[in-house]
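> Have a look at this one before I ask anything.
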Amino acid sequence: MSLGGRASGSRPDRPKVGDGTPRPRHSTPPEGGYIEIVKRAVVLLSSLVALVGVPVAGAAGTAGVSPLASVDVVGSGPLTWKKVAVRSGPSRSSRVLKTLTQFRPDYHPRTVLAVGTRYDANGQPAWYRITIPGRPNGRTGWIPAAAADLSPVDRWLVVYRGARKFELYVGGSLRRTGPVAVGARGMETPTGLFFVQSRFVPNRYPILGAFAFETSGYSKLSDWPGGGVVGVHGTNAPWLMGQAVSHGCVRLRNSDVLALRKLVRVGTPIKIVAA
């Protein structure tokens, strides 16, 4: 699903010629002349918009967002089967690339991010192409559509590794931006399309700051407990913002990561670019 939206509106019915409807006669404009008429019309239109909830252009997608910051996904959601084989093609005879369980080792539901769809003869989703967490980064595979309960995605996070900043988009609009610290030389933060697998308060790990998001990406080494996972998290060393100093994770100011805590859900896409 390419995230997109466009303004819509309505126009009141107008009497048809010859239908017997009496025609209004021209009358003298009210006090203030035609300027007053325009003002009243604007107020009336604004009230109608508020009542019917006409969407703002781009409110649900990437209209006006640069291609570098845009994402194109089907949706994300939890698995509904106890186990599902991720295959190399949309067929039960295709090679199995990985087997996913319905629940993670921490007993939380496992979420997947779909980036493509294969439809059946009736036009219904039959298979979803999903991103596969783990090494090597960037792998995708196919699962039966019935194996996951997907919902549309209306928000995503972009990390600019070179510029060392992040951008959070909600409903196609930039909601928040700020500096980040990224992986040091030899331990670079990987680029690609990932997603949030879990989120938590890292009470036992002060280096992760005030809040942490576990992504589906992996690096050579990371600050993450157990290593390997690319996390997006806060910091206990805010003076290092804007530098390449981590083991692959993306560090944010605690004020920023706490703001993201309110908006970034499990299944939210994370796009990391080299720019």
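Naming scheme: A, B, ... for chains in displayed order of the structure tokens; residues 1 onward per chain; ligands 1 onward as shown.
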Go through stretch 128-154 of chain A and flag each residue having an atom no more than 7 Å from stretch 73-77 of chain A; for those, report the closest pair of atoms plus their distance in Å to one decimal, using only C-alpha atoms, ordered by chain and rising number, as a tab-separated table.

residue	atom	partner	partner_atom	distance
A:Ala148	CA	A:Gly77	CA	6.5
A:Asp149	CA	A:Gly77	CA	5.3
A:Leu150	CA	A:Gly77	CA	4.3
A:Ser151	CA	A:Gly75	CA	5.3
A:Pro152	CA	A:Gly75	CA	4.5
A:Val153	CA	A:Gly75	CA	5.3
> Each residue of stretch 65-163 of chain A lying at most 8 Å from stretch 167-172 of chain A should get a row with its shortest atom-to-atom pair and the distance in Å to one decimal, counting only C-alpha atoms; could you produce that, ordered by chain and increasing number, as CSV?

residue,atom,partner,partner_atom,distance
A:Val65,CA,A:Gly172,CA,7.1
A:Asp154,CA,A:Gly171,CA,5.2
A:Arg155,CA,A:Val170,CA,4.3
A:Trp156,CA,A:Tyr169,CA,5.5
A:Leu157,CA,A:Leu168,CA,4.6
A:Val158,CA,A:Glu167,CA,5.1
A:Val159,CA,A:Glu167,CA,6.5
> Pick out the closest residue to A:Gly116 from this set: A:Gly134, A:Gly267, A:Gly183, A:Pro90. Count only C-alpha atoms.
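Looking only at the distances to A:Gly116, the closest residue turns out to be A:Pro90.
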> If you count only C-alpha atoms, which residues fall within 9 Å of stretch 230-241 of chain A, apart from same-chain ones fewer than 2 positions away, as an MDAnalysis selection string?
chainID A and resid 164 179:182 189:190 196 206:219 221:224 227:228 243:245 247:258
> Can you tell me, as number ranges by chain, which residues in stretch 127-209 of chain A count as strand (DSSP E or B) by DSSP?
A: 127-131, 140-144, 148, 151, 155-160, 165-170, 173-183, 192-200
> Please report, as JSON, numbers by chain, each residue of stretch 137-254 of chain A to which DSSP assigns helix (DSSP H, G or I) when run on this structure's backbone.
{"A": [145, 146, 147, 206, 207, 208, 238, 239, 240, 254]}
> Which residue out of A:Arg139, A:Arg261, A:Arg161, A:Arg175 has the minimum interatomic distance to A:Val201 when only C-alpha atoms are used?
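Checking each of A:Arg139, A:Arg261, A:Arg161, A:Arg175 against A:Val201, counting only C-alpha atoms, the winner is A:Arg261.
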> Give me, please, the distance in Å between atom CA of A:Gly186 and atom CA of A:Asn137, quoted to one decimal.
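Between atom CA of A:Gly186 and atom CA of A:Asn137 the gap works out to 16.4 Å.
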> Report, in Å with one decimal, the straight-line distance from atom CA of A:Arg199 to atom CA of A:Val266.
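These two atoms are separated by 7.0 Å.
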> Which is closest to A:Thr191 among A:Val229, A:Phe103, A:Ile270, A:Val115, if we use only C-alpha atoms?
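So, comparing all the options, the nearest one is A:Ile270.
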